[in-house]
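protein31.txt follows (compact mmCIF, C-alpha atoms and all ligand atoms):
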# COMPACT_ATOMS: atom_id res chain seq x y z
CA VAL M 1 85.02 5.86 -0.05
CA SER M 2 83.22 2.78 1.29
CA ARG M 3 79.44 2.71 1.22
CA LEU M 4 77.58 2.18 4.46
CA VAL M 5 74.03 1.50 5.64
CA LEU M 6 72.53 2.47 8.99
CA MET M 7 70.41 -0.17 10.69
CA GLY M 8 67.73 1.62 12.72
CA GLY M 9 66.02 4.91 11.96
CA GLY M 10 65.12 6.31 15.38
CA PRO M 11 66.45 9.35 17.23
CA HIS M 12 69.79 7.71 18.04
CA ALA M 13 70.27 7.12 14.30
CA LYS M 14 70.01 10.87 13.64
CA VAL M 15 72.95 11.59 15.91
CA VAL M 16 75.01 8.75 14.46
CA LEU M 17 74.21 9.95 10.93
CA GLU M 18 75.46 13.44 11.69
CA THR M 19 78.50 11.97 13.43
CA LEU M 20 79.27 9.97 10.27
CA ARG M 21 78.80 13.04 8.10
CA ALA M 22 81.14 15.06 10.33
CA ALA M 23 83.76 12.31 10.12
CA GLY M 24 83.36 11.96 6.34
CA LEU M 25 84.86 8.47 6.08
CA TYR M 26 81.85 6.76 4.51
CA GLU M 27 79.25 7.42 1.87
CA VAL M 28 75.88 6.81 3.53
CA ALA M 29 73.73 4.70 1.18
CA GLY M 30 70.68 4.94 3.43
CA VAL M 31 68.86 3.76 6.52
CA LEU M 32 67.04 0.50 7.25
CA GLU M 33 63.87 0.82 9.30
CA PRO M 34 61.12 -1.75 8.76
CA GLY M 35 57.71 -0.20 8.18
CA ALA M 36 59.02 3.34 8.50
CA ALA M 37 56.43 6.02 7.75
CA ALA M 38 59.09 8.48 6.62
CA ARG M 39 60.96 8.07 3.34
CA SER M 40 64.12 9.67 4.66
CA LEU M 41 66.03 10.48 7.80
CA LEU M 42 67.83 13.85 7.73
CA GLY M 43 68.04 13.49 3.96
CA ALA M 44 69.28 9.87 3.92
CA PRO M 45 66.82 7.55 2.13
CA VAL M 46 64.97 4.84 4.06
CA LEU M 47 65.68 1.68 2.03
CA GLY M 48 63.41 -0.87 3.72
CA GLY M 49 63.94 -3.54 6.36
CA ASP M 50 66.85 -5.90 7.06
CA ASP M 51 65.69 -8.16 4.23
CA VAL M 52 67.35 -5.78 1.74
CA LEU M 53 70.83 -6.33 3.25
CA PRO M 54 71.91 -9.03 0.76
CA ARG M 55 70.81 -6.85 -2.17
CA LEU M 56 72.66 -3.85 -0.77
CA ARG M 57 75.77 -6.02 -0.49
CA THR M 58 75.55 -6.89 -4.20
CA GLU M 59 75.12 -3.17 -4.93
CA GLY M 60 78.45 -2.38 -3.32
CA VAL M 61 77.43 -1.46 0.22
CA THR M 62 80.30 -2.95 2.25
CA HIS M 63 79.71 -1.60 5.77
CA ALA M 64 76.88 -1.35 8.29
CA ILE M 65 76.47 0.51 11.53
CA VAL M 66 73.73 -0.43 13.97
CA THR M 67 71.90 2.67 15.12
CA VAL M 68 69.53 1.43 17.79
CA GLY M 69 69.98 2.30 21.45
CA ASP M 70 68.68 -1.05 22.77
CA ASN M 71 71.84 -2.95 23.68
CA SER M 72 70.45 -6.42 23.04
CA LEU M 73 68.79 -5.53 19.74
CA ARG M 74 72.00 -3.84 18.59
CA ARG M 75 73.85 -7.16 18.91
CA ARG M 76 71.21 -9.09 17.00
CA LEU M 77 71.14 -6.57 14.16
CA ALA M 78 74.95 -6.58 13.97
CA ALA M 79 74.89 -10.37 13.60
CA ARG M 80 72.43 -10.00 10.71
CA ALA M 81 74.67 -7.47 8.98
CA GLN M 82 77.67 -9.74 9.34
CA ALA M 83 75.68 -12.75 8.08
CA ALA M 84 74.90 -10.70 4.95
CA GLY M 85 78.64 -10.11 4.43
CA LEU M 86 78.84 -6.53 5.69
CA GLU M 87 81.58 -5.24 7.97
CA LEU M 88 80.76 -3.28 11.10
CA ALA M 89 81.84 0.35 10.81
CA GLN M 90 82.68 2.76 13.60
CA ALA M 91 81.23 6.27 13.91
CA ILE M 92 83.65 8.53 15.74
CA HIS M 93 82.99 12.25 15.86
CA PRO M 94 85.99 14.35 14.82
CA ARG M 95 85.46 16.43 17.95
CA ALA M 96 85.75 13.47 20.31
CA ALA M 97 89.17 13.26 22.00
CA ILE M 98 90.45 9.71 21.84
CA SER M 99 93.80 8.66 23.27
CA PRO M 100 96.17 7.00 20.81
CA THR M 101 96.51 4.18 23.36
CA ALA M 102 92.77 3.59 23.72
CA ARG M 103 91.40 0.59 21.80
CA LEU M 104 88.02 0.78 20.08
CA ALA M 105 86.43 -2.36 18.65
CA PRO M 106 84.34 -2.60 15.47
CA GLY M 107 80.86 -1.12 15.57
CA VAL M 108 81.68 1.44 18.25
CA VAL M 109 79.96 4.85 18.22
CA VAL M 110 81.60 7.86 19.90
CA MET M 111 79.61 11.11 19.86
CA ALA M 112 80.80 14.73 19.86
CA GLY M 113 82.62 15.95 22.91
CA ALA M 114 83.33 12.51 24.35
CA VAL M 115 86.79 11.88 25.83
CA ILE M 116 88.38 8.43 25.94
CA ASN M 117 91.68 8.38 27.79
CA ALA M 118 94.85 6.29 27.91
CA GLU M 119 94.57 2.53 27.54
CA ALA M 120 90.80 2.47 27.87
CA THR M 121 89.17 -0.34 25.88
CA VAL M 122 85.77 -0.05 24.24
CA GLY M 123 84.16 -3.31 23.20
CA PRO M 124 82.25 -4.10 19.99
CA LEU M 125 79.00 -2.14 19.45
CA ALA M 126 79.50 0.06 22.50
CA ILE M 127 78.15 3.62 22.49
CA VAL M 128 80.01 6.46 24.19
CA ASN M 129 77.40 9.19 24.00
CA THR M 130 77.72 12.97 23.74
CA GLY M 131 80.20 14.53 26.13
CA ALA M 132 80.86 11.37 28.14
CA VAL M 133 84.26 10.91 29.78
CA VAL M 134 85.77 7.41 29.82
CA ASP M 135 89.01 7.85 31.70
CA HIS M 136 92.26 5.89 31.60
CA ASP M 137 92.12 2.09 31.84
CA CYS M 138 88.34 1.85 31.76
CA ARG M 139 87.00 -1.31 30.17
CA LEU M 140 83.66 -1.15 28.41
CA ASP M 141 82.50 -4.58 27.26
CA GLU M 142 80.40 -5.43 24.23
CA ALA M 143 77.18 -3.47 23.53
CA VAL M 144 77.56 -1.17 26.54
CA HIS M 145 75.91 2.26 26.33
CA VAL M 146 77.52 5.09 28.30
CA GLY M 147 74.94 7.90 28.22
CA PRO M 148 75.45 11.60 27.56
CA GLY M 149 77.62 13.43 30.06
CA CYS M 150 78.71 10.41 32.08
CA ALA M 151 82.00 10.66 33.97
CA LEU M 152 83.77 7.35 34.47
CA ALA M 153 86.97 7.70 36.49
CA GLY M 154 90.03 5.53 35.86
CA GLY M 155 89.75 1.76 35.67
CA VAL M 156 85.96 1.51 35.75
CA ARG M 157 84.64 -1.74 34.24
CA VAL M 158 81.25 -1.95 32.55
CA GLY M 159 79.93 -5.40 31.68
CA LEU M 160 78.21 -6.76 28.59
CA GLY M 161 75.07 -4.89 27.60
CA ALA M 162 75.02 -2.53 30.58
CA PHE M 163 73.42 0.92 30.20
CA LEU M 164 74.50 4.03 32.10
CA GLY M 165 71.91 6.83 31.85
CA ALA M 166 72.74 10.49 31.35
CA GLY M 167 75.23 11.98 33.76
CA VAL M 168 76.22 8.87 35.70
CA SER M 169 79.44 9.31 37.68
CA ALA M 170 81.62 6.40 38.77
CA ILE M 171 84.60 6.48 41.12
CA PRO M 172 87.85 4.74 40.13
CA GLN M 173 87.95 0.96 39.75
CA VAL M 174 84.27 0.21 40.36
CA GLY M 175 82.44 -2.32 38.21
CA VAL M 176 78.99 -2.26 36.67
CA GLY M 177 77.62 -5.75 36.03
CA ARG M 178 76.35 -7.30 32.79
CA TRP M 179 73.01 -5.96 31.54
CA ALA M 180 72.74 -3.61 34.52
CA ILE M 181 70.94 -0.25 34.19
CA VAL M 182 72.25 2.73 36.13
CA GLY M 183 69.77 5.62 36.30
CA ALA M 184 70.49 9.16 35.18
CA GLY M 185 72.59 11.17 37.60
CA ALA M 186 73.63 8.22 39.75
CA ALA M 187 76.94 8.11 41.59
CA VAL M 188 78.45 4.63 41.41
CA VAL M 189 80.70 4.18 44.45
CA ARG M 190 80.45 0.36 44.87
CA ASP M 191 80.16 -2.46 42.36
CA ILE M 192 76.71 -2.81 40.78
CA PRO M 193 75.70 -6.47 40.28
CA ASP M 194 74.69 -8.09 37.00
CA LEU M 195 71.11 -7.27 35.91
CA ALA M 196 70.62 -4.64 38.62
CA VAL M 197 68.60 -1.47 38.09
CA ALA M 198 70.31 1.07 40.32
CA TYR M 199 70.08 4.82 40.80
CA GLY M 200 70.70 7.64 43.23
CA ALA M 201 73.77 9.10 44.88
CA PRO M 202 75.20 6.82 46.10
CA ALA M 203 73.65 4.38 43.63
CA ARG M 204 71.50 1.70 45.27
CA VAL M 205 69.94 -1.34 43.62
CA ALA M 206 66.19 -0.84 43.23
CA ARG M 207 65.33 -4.08 41.44
CA THR M 208 66.71 -6.84 39.22
CA ARG M 209 65.94 -7.04 35.52
CA ASN M 210 63.91 -9.98 34.29
CA ASP M 211 63.59 -8.83 30.67
CA ILE M 212 66.90 -10.13 29.35
CA ARG M 213 66.71 -12.84 26.71
CA SER M 214 68.16 -16.23 27.59
CA GLU M 215 70.61 -16.00 24.63
CA ASP M 216 72.02 -12.82 26.10
CA LEU M 217 72.25 -14.32 29.61
CA ALA M 218 73.96 -17.46 28.34
CA GLU M 219 77.15 -15.65 27.35
C1 LIG T 301 66.62 4.43 36.49
C2 LIG T 301 65.53 4.30 35.46
C3 LIG T 301 65.95 3.25 34.41
C4 LIG T 301 64.34 3.81 36.25
O1 LIG T 301 63.26 3.60 35.41
P1 LIG T 301 61.94 2.90 36.01
O2 LIG T 301 62.28 1.57 36.55
O3 LIG T 301 60.93 2.99 34.94
O4 LIG T 301 61.59 3.78 37.28
P2 LIG T 301 60.32 4.75 37.50
O5 LIG T 301 60.31 5.84 36.51
O6 LIG T 301 59.13 3.87 37.65
O7 LIG T 301 60.70 5.38 38.91
C5 LIG T 301 60.68 4.63 40.12
C6 LIG T 301 61.16 5.52 41.25
O8 LIG T 301 62.56 5.77 41.08
C7 LIG T 301 62.81 7.17 40.99
N1 LIG T 301 63.85 7.35 39.97
C8 LIG T 301 63.79 6.97 38.67
N2 LIG T 301 64.94 7.25 38.04
C9 LIG T 301 65.74 7.84 38.95
C10 LIG T 301 67.02 8.37 38.87
N3 LIG T 301 67.72 8.33 37.73
N4 LIG T 301 67.56 8.89 39.99
C11 LIG T 301 66.84 8.93 41.15
N5 LIG T 301 65.61 8.44 41.28
C12 LIG T 301 65.05 7.91 40.19
C13 LIG T 301 61.48 7.79 40.58
O9 LIG T 301 61.41 9.12 40.99
C14 LIG T 301 60.50 6.90 41.28
O10 LIG T 301 60.45 7.28 42.64
P3 LIG T 301 59.08 7.19 43.47
O11 LIG T 301 58.74 5.73 43.47
O12 LIG T 301 59.49 7.72 44.80
O13 LIG T 301 58.10 8.04 42.72
C15 LIG T 301 65.24 5.62 34.69
O14 LIG T 301 64.50 6.52 35.50
C16 LIG T 301 66.49 6.34 34.23
O15 LIG T 301 67.15 7.10 34.96
N6 LIG T 301 66.87 6.09 32.95
C17 LIG T 301 67.98 6.73 32.31
C18 LIG T 301 67.52 7.36 30.99
C19 LIG T 301 68.65 8.10 30.29
O16 LIG T 301 69.45 8.78 30.89
N7 LIG T 301 68.72 7.91 29.00
C20 LIG T 301 69.77 8.49 28.19
C21 LIG T 301 69.46 8.17 26.75
S1 LIG T 301 70.74 8.62 25.66

Now, as a test, write the supplied structure out as C-alpha cells.
Amino acid sequence: VSRLVLMGGGPHAKVVLETLRAAGLYEVAGVLEPGAAARSLLGAPVLGGDDVLPRLRTEGVTHAIVTVGDNSLRRRLAARAQAAGLELAQAIHPRAAISPTARLAPGVVVMAGAVINAEATVGPLAIVNTGAVVDHDCRLDEAVHVGPGCALAGGVRVGLGAFLGAGVSAIPQVGVGRWAIVGAGAAVVRDIPDLAVAYGAPARVARTRNDIRSEDLAE
C-alpha cells in the first residue's frame, strides 16, 4: 500500500480523509498544515508545513493529495508536492458511481454519492463534492470545484478554476467560464463568462472577480 500525505488540514480535508479511508487504497501518513494548533485531524497526525515534503519523500511517502478548497491554492500546493517528487493521488469514494467511460485526471477528489456519467472528463485537481451529478459528456477543467448536490446536465463545460456552490443546476451544453463563481442554488441556463460571480435562477452575473492572481490568468 502506498503512503500518502494530505496537504491542508481544514474542513475539506476531513471529508477527503474519510473518503480515502473508505476507499482503502492508501496508508495515510499524516496531514500538512502550517502552524496548526491541533496535533491531529480525525486521528491522522499533523506533520508540519510543506517544508517537510522532501523528508517525507525520503521516508517512503510517495503520494500527496491536496485538501484545500481554494482552487488557486490547490494548484500551487500540487506543484510543490510534484517538485518534491510526490505523485498526485485521487480520492474517490467507493459509494460514488463513476462510468467506466468517464476519465478522471490525477489529483481528483470525488465524494460520497456523486455520479459521473458516460464520457465525462474531470481535469487535474478537480473536486466533485458530495452527491453532485456530472452527467454524460461534461468537461470539468483543471482545479474546478463542483459543490455538494450540484446537477450538471449533459455536455456542460466548466473552465479552469471555476467554483459551483452547493446545489447549482446547469442545463445541457452550457459553459461556465474560467475562475467563475456560481452561487449556491443557481440555475445556469446561458454561458457564464470568465471571472464572473453569478447567482440566482436564472443565474445572472453580479460582478467580475478581481482577486485572481496574474499567474492563474496567464494560462
Ligand atoms: C454567490 C456568493 C459567492 C456571493 O457571495 P458574496 O459576493 O459575498 O455576496 P453577498 O453575501 O455579499 O451577497 C450579495 C447579495 O447577493 C445575494 N446572494 C448571495 N448569494 C446568493 C445566492 N447563492 N443566490 C441568490 N442570491 C444570493 C445576497 O442575498 C445579497 O443580496 P442583497 O444585496 O439583496 O442583500 C455566495 O453567496 C455563494 O452562494 N457561495 C456558495 C457557497 C457554497 O455553496 N459553498 C459550498 C462549499 S462546499

Separating atom O3 of ligand LIG 301 (chain T) from atom CA of Gly147 of chain M, to the nearest tenth of an Å, is a gap of 16.3 Å

Would you compute the box with edges along x, y and z of the file around segment 196-205 of chain M, including every atom the file lists for it and 6 Å extra on each side, and give its centre and edge lengths in Å to one decimal, as AutoDock Vina command-line options?
--center_x 71.9 --center_y 2.2 --center_z 42.1 --size_x 18.6 --size_y 25.7 --size_z 20.0

In terms of only C-alpha atoms and all ligand atoms, the residue from M:Arg76, M:Arg39, M:His63, M:Arg204 at minimal distance from ligand LIG 301 (chain T) is M:Arg204

Q: Excluding Ser2 of chain M and any residue of its chain fewer than 2 positions from it, enumerate the residues within 10 Å of it, using only C-alpha atoms, and give them as a ChimeraX atom specification.
A: /M:4,25-29,60-63,89

message = As an exercise, work out the distance from atom CA of Ala186 of chain M to atom C1 of ligand LIG 301 (chain T) in Å and give it to one decimal place.
response =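 Straight-line distance from atom CA of Ala186 of chain M to atom C1 of ligand LIG 301 (chain T) works out to 8.6 Å.
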
Once you count all atoms listed in the file, which residues end up within 10 Å of ligand LIG 301 (chain T), and could you hand them over as a PDB file with C-alpha atoms, in the coordinates of the input?
ATOM      1  CA  PRO M  11      66.450   9.350  17.230  1.00  0.00           C
ATOM      2  CA  HIS M  12      69.790   7.710  18.040  1.00  0.00           C
ATOM      3  CA  GLY M  69      69.980   2.300  21.450  1.00  0.00           C
ATOM      4  CA  ILE M 127      78.150   3.620  22.490  1.00  0.00           C
ATOM      5  CA  VAL M 128      80.010   6.460  24.190  1.00  0.00           C
ATOM      6  CA  ASN M 129      77.400   9.190  24.000  1.00  0.00           C
ATOM      7  CA  THR M 130      77.720  12.970  23.740  1.00  0.00           C
ATOM      8  CA  HIS M 145      75.910   2.260  26.330  1.00  0.00           C
ATOM      9  CA  VAL M 146      77.520   5.090  28.300  1.00  0.00           C
ATOM     10  CA  GLY M 147      74.940   7.900  28.220  1.00  0.00           C
ATOM     11  CA  PRO M 148      75.450  11.600  27.560  1.00  0.00           C
ATOM     12  CA  GLY M 149      77.620  13.430  30.060  1.00  0.00           C
ATOM     13  CA  CYS M 150      78.710  10.410  32.080  1.00  0.00           C
ATOM     14  CA  PHE M 163      73.420   0.920  30.200  1.00  0.00           C
ATOM     15  CA  LEU M 164      74.500   4.030  32.100  1.00  0.00           C
ATOM     16  CA  GLY M 165      71.910   6.830  31.850  1.00  0.00           C
ATOM     17  CA  ALA M 166      72.740  10.490  31.350  1.00  0.00           C
ATOM     18  CA  GLY M 167      75.230  11.980  33.760  1.00  0.00           C
ATOM     19  CA  VAL M 168      76.220   8.870  35.700  1.00  0.00           C
ATOM     20  CA  ALA M 180      72.740  -3.610  34.520  1.00  0.00           C
ATOM     21  CA  ILE M 181      70.940  -0.250  34.190  1.00  0.00           C
ATOM     22  CA  VAL M 182      72.250   2.730  36.130  1.00  0.00           C
ATOM     23  CA  GLY M 183      69.770   5.620  36.300  1.00  0.00           C
ATOM     24  CA  ALA M 184      70.490   9.160  35.180  1.00  0.00           C
ATOM     25  CA  GLY M 185      72.590  11.170  37.600  1.00  0.00           C
ATOM     26  CA  ALA M 186      73.630   8.220  39.750  1.00  0.00           C
ATOM     27  CA  ALA M 187      76.940   8.110  41.590  1.00  0.00           C
ATOM     28  CA  VAL M 197      68.600  -1.470  38.090  1.00  0.00           C
ATOM     29  CA  ALA M 198      70.310   1.070  40.320  1.00  0.00           C
ATOM     30  CA  TYR M 199      70.080   4.820  40.800  1.00  0.00           C
ATOM     31  CA  GLY M 200      70.700   7.640  43.230  1.00  0.00           C
ATOM     32  CA  ALA M 201      73.770   9.100  44.880  1.00  0.00           C
ATOM     33  CA  PRO M 202      75.200   6.820  46.100  1.00  0.00           C
ATOM     34  CA  ALA M 203      73.650   4.380  43.630  1.00  0.00           C
ATOM     35  CA  ARG M 204      71.500   1.700  45.270  1.00  0.00           C
ATOM     36  CA  VAL M 205      69.940  -1.340  43.620  1.00  0.00           C
ATOM     37  CA  ALA M 206      66.190  -0.840  43.230  1.00  0.00           C
ATOM     38  CA  ARG M 207      65.330  -4.080  41.440  1.00  0.00           C
ATOM     39  CA  THR M 208      66.710  -6.840  39.220  1.00  0.00           C
ATOM     40  CA  ARG M 209      65.940  -7.040  35.520  1.00  0.00           C
TER      41      ARG M 209
END

One number please: atom CA of Ser72 of chain M to atom CA of Asn210 of chain M, in Å, one decimal.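 Between atom CA of Ser72 of chain M and atom CA of Asn210 of chain M the gap is 13.5 Å.
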
Rank nothing, just name the residue among M:Val5, M:Ile116, M:Leu152, M:Val15 nearest to Ala81 of chain M, using all atoms listed in the file.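 Of M:Val5, M:Ile116, M:Leu152, M:Val15, the one nearest Ala81 of chain M is M:Val5, counting all atoms listed in the file.
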
Need the shell around segment 156-160 of chain M: protein/DNA/RNA residues with any atom at most 10 Å away, counting all atoms listed in the file. Skip same-chain ones fewer than 3 positions apart. Format as a ChimeraX atom specification? /M:71-72,120-124,126,134-146,152-153,163-164,170-180,188,191-195,216-217,219

Pick the closest to Val109 of chain M from M:Leu73, M:Ala13, M:Ala218, M:Ala84: which is it, counting only C-alpha atoms?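 Checking each candidate against Val109 of chain M, we get M:Ala13 as the closest.
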
Which is closer to Ala97 of chain M than all the others in M:Gly24, M:Val1, M:Ala151, M:Val133, using all atoms listed in the file?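 So, comparing all the options, the nearest one is M:Val133.
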
task = Could you check which of M:Val110, M:Ala23, M:Met7, M:Ala132 is closest to Val68 of chain M, using all atoms listed in the file?
result =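 So, comparing all the options, the nearest one is M:Met7.
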